[in-house]
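Colleague: coords-v8.tsv (TSV, N, CA and C atoms) pasted underneath:
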```tsv
chain	number	residue	atom	x	y	z
T	1	MET	N	109.95	68.24	152.89
T	1	MET	CA	109.92	68.59	151.49
T	1	MET	C	111.31	68.99	150.98
T	2	VAL	N	112.06	69.73	151.79
T	2	VAL	CA	113.38	70.19	151.38
T	2	VAL	C	114.33	69.02	151.15
T	3	PRO	N	114.40	68.00	152.04
T	3	PRO	CA	115.29	66.86	151.76
T	3	PRO	C	114.93	66.15	150.45
T	4	ALA	N	113.65	66.09	150.13
T	4	ALA	CA	113.25	65.45	148.88
T	4	ALA	C	113.76	66.24	147.69
T	5	LEU	N	113.75	67.55	147.77
T	5	LEU	CA	114.27	68.38	146.67
T	5	LEU	C	115.78	68.23	146.53
T	6	VAL	N	116.47	68.10	147.65
T	6	VAL	CA	117.92	67.90	147.61
T	6	VAL	C	118.24	66.55	146.96
T	7	VAL	N	117.53	65.52	147.35
T	7	VAL	CA	117.74	64.19	146.77
T	7	VAL	C	117.42	64.21	145.28
T	8	ALA	N	116.31	64.84	144.90
T	8	ALA	CA	115.94	64.92	143.49
T	8	ALA	C	116.98	65.68	142.70
T	9	SER	N	117.51	66.74	143.26
T	9	SER	CA	118.54	67.52	142.57
T	9	SER	C	119.82	66.70	142.41
T	10	ALA	N	120.20	65.98	143.46
T	10	ALA	CA	121.40	65.14	143.39
T	10	ALA	C	121.23	64.02	142.38
T	11	LEU	N	120.06	63.40	142.34
T	11	LEU	CA	119.81	62.33	141.36
T	11	LEU	C	119.78	62.88	139.94
T	12	GLY	N	119.25	64.09	139.76
T	12	GLY	CA	119.26	64.72	138.44
T	12	GLY	C	120.67	64.99	137.97
T	13	THR	N	121.52	65.45	138.87
T	13	THR	CA	122.93	65.70	138.53
T	13	THR	C	123.63	64.39	138.22
T	14	LEU	N	123.37	63.37	139.01
T	14	LEU	CA	123.96	62.05	138.77
T	14	LEU	C	123.53	61.51	137.41
T	15	TRP	N	122.25	61.64	137.10
T	15	TRP	CA	121.74	61.19	135.81
T	15	TRP	C	122.42	61.93	134.67
T	16	ALA	N	122.64	63.23	134.81
T	16	ALA	CA	123.31	64.02	133.77
T	16	ALA	C	124.73	63.51	133.56
T	17	TRP	N	125.44	63.20	134.63
T	17	TRP	CA	126.80	62.66	134.50
T	17	TRP	C	126.80	61.30	133.80
T	18	ILE	N	125.84	60.46	134.14
T	18	ILE	CA	125.75	59.14	133.50
T	18	ILE	C	125.50	59.30	132.00
T	19	VAL	N	124.59	60.20	131.64
T	19	VAL	CA	124.31	60.43	130.22
T	19	VAL	C	125.54	60.96	129.51
T	20	TRP	N	126.27	61.89	130.12
T	20	TRP	CA	127.49	62.42	129.51
T	20	TRP	C	128.51	61.30	129.29
T	21	ILE	N	128.65	60.40	130.26
T	21	ILE	CA	129.62	59.31	130.14
T	21	ILE	C	129.21	58.35	129.03
T	22	VAL	N	127.95	57.97	128.98
T	22	VAL	CA	127.49	57.02	127.96
T	22	VAL	C	127.56	57.64	126.57
T	23	VAL	N	127.03	58.84	126.42
T	23	VAL	CA	127.06	59.50	125.11
T	23	VAL	C	128.50	59.79	124.70
T	24	GLY	N	129.32	60.25	125.64
T	24	GLY	CA	130.73	60.49	125.35
T	24	GLY	C	131.45	59.22	124.94
T	25	GLY	N	131.12	58.11	125.60
T	25	GLY	CA	131.74	56.83	125.24
T	25	GLY	C	131.40	56.40	123.83
T	26	PHE	N	130.12	56.52	123.46
T	26	PHE	CA	129.72	56.16	122.10
T	26	PHE	C	130.33	57.09	121.06
T	27	ALA	N	130.30	58.38	121.33
T	27	ALA	CA	130.85	59.36	120.39
T	27	ALA	C	132.36	59.17	120.26
T	28	GLY	N	133.04	58.96	121.38
T	28	GLY	CA	134.48	58.73	121.34
T	28	GLY	C	134.84	57.45	120.62
T	29	ALA	N	134.05	56.40	120.82
T	29	ALA	CA	134.31	55.12	120.15
T	29	ALA	C	134.14	55.25	118.65
T	30	LEU	N	133.08	55.93	118.21
T	30	LEU	CA	132.87	56.11	116.78
T	30	LEU	C	133.97	56.97	116.16
T	31	ALA	N	134.33	58.05	116.83
T	31	ALA	CA	135.40	58.92	116.31
T	31	ALA	C	136.73	58.17	116.28
T	32	ASP	N	137.01	57.39	117.33
T	32	ASP	CA	138.25	56.60	117.37
T	32	ASP	C	138.30	55.60	116.24
T	33	ARG	N	137.19	54.93	116.00
T	33	ARG	CA	137.16	53.94	114.92
T	33	ARG	C	137.36	54.58	113.56
T	34	LEU	N	136.72	55.73	113.33
T	34	LEU	CA	136.81	56.39	112.03
T	34	LEU	C	138.15	57.11	111.81
T	35	ILE	N	138.70	57.71	112.85
T	35	ILE	CA	139.92	58.50	112.69
T	35	ILE	C	141.18	57.67	112.88
T	36	GLN	N	141.22	56.81	113.90
T	36	GLN	CA	142.44	56.08	114.24
T	36	GLN	C	142.39	54.59	113.97
T	37	GLY	N	141.23	54.04	113.74
T	37	GLY	CA	141.15	52.60	113.53
T	37	GLY	C	141.03	51.82	114.82
T	38	ASP	N	140.32	52.33	115.82
T	38	ASP	CA	140.02	51.63	117.07
T	38	ASP	C	141.26	51.37	117.91
T	39	LYS	N	141.97	52.43	118.30
T	39	LYS	CA	143.18	52.30	119.11
T	39	LYS	C	142.95	52.52	120.60
T	40	LEU	N	141.85	53.16	120.96
T	40	LEU	CA	141.60	53.49	122.36
T	40	LEU	C	140.74	52.42	123.01
T	41	GLY	N	140.85	52.30	124.29
T	41	GLY	CA	139.99	51.40	125.05
T	41	GLY	C	138.72	52.12	125.47
T	42	ILE	N	137.97	51.47	126.33
T	42	ILE	CA	136.70	52.04	126.79
T	42	ILE	C	136.92	53.36	127.52
T	43	LEU	N	137.85	53.40	128.45
T	43	LEU	CA	138.11	54.62	129.21
T	43	LEU	C	138.61	55.73	128.28
T	44	GLY	N	139.48	55.40	127.36
T	44	GLY	CA	139.97	56.39	126.40
T	44	GLY	C	138.85	56.95	125.54
T	45	ASN	N	137.94	56.08	125.11
T	45	ASN	CA	136.80	56.54	124.30
T	45	ASN	C	135.91	57.49	125.10
T	46	ILE	N	135.67	57.17	126.37
T	46	ILE	CA	134.84	58.03	127.21
T	46	ILE	C	135.50	59.39	127.39
T	47	VAL	N	136.80	59.39	127.70
T	47	VAL	CA	137.51	60.66	127.90
T	47	VAL	C	137.52	61.49	126.62
T	48	VAL	N	137.84	60.86	125.50
T	48	VAL	CA	137.87	61.58	124.23
T	48	VAL	C	136.48	62.10	123.88
T	49	GLY	N	135.45	61.31	124.14
T	49	GLY	CA	134.08	61.75	123.85
T	49	GLY	C	133.64	62.93	124.71
T	50	ILE	N	133.98	62.91	126.01
T	50	ILE	CA	133.60	64.01	126.90
T	50	ILE	C	134.39	65.26	126.55
T	51	VAL	N	135.69	65.14	126.34
T	51	VAL	CA	136.49	66.30	125.94
T	51	VAL	C	136.02	66.80	124.58
T	52	GLY	N	135.70	65.87	123.69
T	52	GLY	CA	135.16	66.26	122.38
T	52	GLY	C	133.84	66.99	122.50
T	53	GLY	N	133.01	66.58	123.46
T	53	GLY	CA	131.75	67.27	123.69
T	53	GLY	C	131.96	68.71	124.12
T	54	VAL	N	132.96	68.92	124.97
T	54	VAL	CA	133.27	70.29	125.41
T	54	VAL	C	133.81	71.11	124.24
T	55	ILE	N	134.73	70.52	123.47
T	55	ILE	CA	135.30	71.22	122.31
T	55	ILE	C	134.21	71.49	121.27
T	56	GLY	N	133.43	70.46	120.95
T	56	GLY	CA	132.37	70.63	119.96
T	56	GLY	C	131.33	71.64	120.39
T	57	GLY	N	130.96	71.62	121.68
T	57	GLY	CA	130.00	72.59	122.19
T	57	GLY	C	130.52	74.01	122.11
T	58	ALA	N	131.81	74.20	122.41
T	58	ALA	CA	132.39	75.54	122.33
T	58	ALA	C	132.44	76.03	120.89
T	59	ILE	N	132.86	75.17	119.98
T	59	ILE	CA	132.97	75.59	118.57
T	59	ILE	C	131.60	75.83	117.97
T	60	LEU	N	130.67	74.90	118.15
T	60	LEU	CA	129.33	75.09	117.59
T	60	LEU	C	128.61	76.27	118.22
T	61	GLY	N	128.81	76.47	119.52
T	61	GLY	CA	128.22	77.62	120.20
T	61	GLY	C	128.79	78.94	119.68
T	62	PHE	N	130.08	78.94	119.38
T	62	PHE	CA	130.71	80.14	118.83
T	62	PHE	C	130.09	80.54	117.50
T	63	PHE	N	129.75	79.55	116.69
T	63	PHE	CA	129.13	79.83	115.39
T	63	PHE	C	127.61	79.94	115.45
T	64	GLY	N	127.04	79.87	116.64
T	64	GLY	CA	125.62	80.10	116.82
T	64	GLY	C	124.73	78.88	116.66
T	65	PHE	N	125.32	77.69	116.59
T	65	PHE	CA	124.52	76.47	116.50
T	65	PHE	C	124.20	75.99	117.91
T	66	GLU	N	122.93	75.85	118.20
T	66	GLU	CA	122.51	75.36	119.51
T	66	GLU	C	121.39	74.35	119.31
T	67	GLY	N	121.34	73.38	120.18
T	67	GLY	CA	120.28	72.39	120.10
T	67	GLY	C	120.12	71.69	121.42
T	68	ASP	N	119.04	70.94	121.53
T	68	ASP	CA	118.75	70.20	122.74
T	68	ASP	C	118.52	68.74	122.39
T	69	GLY	N	118.64	67.92	123.37
T	69	GLY	CA	118.33	66.51	123.19
T	69	GLY	C	119.56	65.64	123.08
T	70	ILE	N	119.31	64.37	123.18
T	70	ILE	CA	120.38	63.39	123.19
T	70	ILE	C	121.07	63.27	121.83
T	71	ILE	N	120.32	63.42	120.76
T	71	ILE	CA	120.91	63.31	119.41
T	71	ILE	C	121.88	64.47	119.19
T	72	TRP	N	121.46	65.69	119.54
T	72	TRP	CA	122.33	66.85	119.36
T	72	TRP	C	123.57	66.71	120.24
T	73	THR	N	123.41	66.19	121.44
T	73	THR	CA	124.55	65.98	122.34
T	73	THR	C	125.53	64.99	121.71
T	74	PHE	N	125.02	63.92	121.13
T	74	PHE	CA	125.88	62.93	120.48
T	74	PHE	C	126.61	63.53	119.28
T	75	VAL	N	125.88	64.26	118.44
T	75	VAL	CA	126.50	64.86	117.26
T	75	VAL	C	127.60	65.84	117.67
T	76	THR	N	127.32	66.65	118.68
T	76	THR	CA	128.30	67.61	119.16
T	76	THR	C	129.54	66.91	119.70
T	77	ALA	N	129.34	65.88	120.53
T	77	ALA	CA	130.47	65.14	121.10
T	77	ALA	C	131.25	64.41	120.02
T	78	PHE	N	130.56	63.85	119.03
T	78	PHE	CA	131.25	63.15	117.96
T	78	PHE	C	132.10	64.11	117.12
T	79	LEU	N	131.53	65.24	116.74
T	79	LEU	CA	132.29	66.21	115.94
T	79	LEU	C	133.51	66.72	116.70
T	80	GLY	N	133.34	67.02	117.98
T	80	GLY	CA	134.46	67.48	118.79
T	80	GLY	C	135.52	66.39	118.97
T	81	ALA	N	135.09	65.15	119.20
T	81	ALA	CA	136.03	64.04	119.37
T	81	ALA	C	136.78	63.76	118.08
T	82	ALA	N	136.09	63.80	116.96
T	82	ALA	CA	136.75	63.57	115.67
T	82	ALA	C	137.78	64.67	115.40
T	83	LEU	N	137.42	65.92	115.69
T	83	LEU	CA	138.37	67.02	115.52
T	83	LEU	C	139.57	66.85	116.44
T	84	LEU	N	139.33	66.48	117.68
T	84	LEU	CA	140.42	66.26	118.64
T	84	LEU	C	141.37	65.17	118.16
T	85	LEU	N	140.83	64.03	117.74
T	85	LEU	CA	141.68	62.93	117.28
T	85	LEU	C	142.39	63.28	115.98
T	86	TRP	N	141.74	64.02	115.10
T	86	TRP	CA	142.38	64.45	113.85
T	86	TRP	C	143.56	65.36	114.16
T	87	LEU	N	143.38	66.30	115.09
T	87	LEU	CA	144.48	67.20	115.47
T	87	LEU	C	145.63	66.42	116.12
T	88	ILE	N	145.30	65.45	116.97
T	88	ILE	CA	146.34	64.64	117.60
T	88	ILE	C	147.11	63.85	116.55
T	89	ASN	N	146.41	63.29	115.57
T	89	ASN	CA	147.09	62.55	114.49
T	89	ASN	C	147.96	63.48	113.67
T	90	ALA	N	147.50	64.70	113.42
T	90	ALA	CA	148.30	65.67	112.66
T	90	ALA	C	149.56	66.06	113.43
T	91	ILE	N	149.42	66.24	114.74
T	91	ILE	CA	150.57	66.65	115.56
T	91	ILE	C	151.57	65.52	115.72
T	92	THR	N	151.10	64.29	115.89
T	92	THR	CA	151.99	63.15	116.12
T	92	THR	C	152.47	62.49	114.83
T	93	GLY	N	152.15	63.06	113.71
T	93	GLY	CA	152.59	62.50	112.44
T	93	GLY	C	151.90	61.20	112.08
T	94	GLY	N	150.66	61.03	112.49
T	94	GLY	CA	149.89	59.84	112.15
T	94	GLY	C	149.98	58.72	113.16
T	95	ARG	N	150.80	58.88	114.21
T	95	ARG	CA	150.91	57.82	115.22
T	95	ARG	C	149.67	57.74	116.07
T	96	GLY	N	149.03	58.88	116.33
T	96	GLY	CA	147.82	58.90	117.13
T	96	GLY	C	148.11	58.63	118.59
T	97	ILE	N	147.05	58.25	119.32
T	97	ILE	CA	147.19	57.92	120.73
T	97	ILE	C	146.53	56.57	120.97
T	98	GLY	N	146.89	55.95	122.06
T	98	GLY	CA	146.31	54.65	122.40
T	98	GLY	C	147.37	53.58	122.42
T	99	LYS	N	147.01	52.43	122.99
T	99	LYS	CA	148.01	51.37	123.15
T	99	LYS	C	148.41	50.73	121.82
T	100	HIS	N	147.59	50.87	120.81
T	100	HIS	CA	147.94	50.30	119.52
T	100	HIS	C	148.50	51.35	118.57
T	101	ALA	N	148.90	52.49	119.12
T	101	ALA	CA	149.44	53.56	118.27
T	101	ALA	C	150.74	53.09	117.63
T	102	ARG	N	150.94	53.48	116.40
T	102	ARG	CA	152.13	53.09	115.65
T	102	ARG	C	153.36	53.74	116.29
T	103	ARG	N	154.36	52.96	116.57
T	103	ARG	CA	155.60	53.46	117.18
T	103	ARG	C	156.69	53.56	116.12
T	104	TRP	N	157.76	54.23	116.48
T	104	TRP	CA	158.89	54.39	115.54
T	104	TRP	C	159.55	53.11	115.28
```
Starting from the file, lay out its structure as structure tokens.
Modeller:
Amino acid sequence: MVPALVVASALGTLWAWIVWIVVGGFAGALADRLIQGDKLGILGNIVVGIVGGVIGGAILGFFGFEGDGIIWTFVTAFLGAALLLWLINAITGGRGIGKHARRW
């Protein structure tokens, strides 16, 4: 019974990581398209979406907004990713990040 619980726990953790990657990828892609005009690739969108999820979760949690479910996770990741990309664009003077970023 114990090995079955260990396997179930490991698969649950793996599933959570897969969901974070997929939701982060979609949220990062949407934020990238709206803020920068689609400059990041797939890996960049996933990273921005996951980091955005952490930022969005911290900010929304600070203000007392909490929710459950995949929709709330997507909204949180999207808001955080959009804020992250907006700040990067403000700091870089509109050049943004990504391989298609405007150069001097």
Colleague: Enter the distance from atom CA of Thr73 of chain T to atom CA of Thr92 of chain T, in Å, rounded to one decimal.
Modeller: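 Separation between atom CA of Thr73 of chain T and atom CA of Thr92 of chain T: 28.3 Å.
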Colleague: Could you state the separation of atom CA of Gly28 of chain T and atom CA of Gly64 of chain T in Å, given to one decimal place?
Modeller: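 Taking atom CA of Gly28 of chain T and atom CA of Gly64 of chain T, their separation equals 23.6 Å.
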Colleague: When you draw a straight line from atom CA of Ala27 of chain T to atom CA of Gly56 of chain T, how long is it in Å?
Modeller: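 That distance, rounded to one decimal, is 11.4 Å.
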Colleague: Using all atoms listed in the file, can you list as a ChimeraX atom specification the residues within 8 Å of (138.8, 66.0, 118.2)?
Modeller: /T:48,51-53,55-56,77-88
Colleague: Distance cut-off 6.5 Å, centre (141.1, 53.5, 120.3) in file coordinates, counting only N, CA and C atoms: which residues qualify? Return them as an MDAnalysis selection string.
Modeller: chainID T and resid 32:33 37:41 45 97:98
Colleague: Would you compute an axis-aligned box for segment 27-40 of chain T, covering every atom listed for it in the file with 6 Å of margin on each side, and report centre and edge lengths in Å to one decimal as lines of an AutoDock Vina configuration file?
Modeller:
```
center_x = 136.7
center_y = 55.4
center_z = 117.4
size_x = 24.9
size_y = 20.0
size_z = 23.2
```
Colleague: Could you tell me, as a PyMOL selection string, which residues of segment 18-97 of chain T DSSP assigns to alpha helix (DSSP H) when given the backbone?
Modeller: chain T and resi 18-35+42-62+70-91
Colleague: My list of candidates is T:Gly57, T:Gly44, T:Gly93, T:Gly69. Which is closest to Ala29 of chain T when distances are computed with only C-alpha atoms?
Modeller: T:Gly44
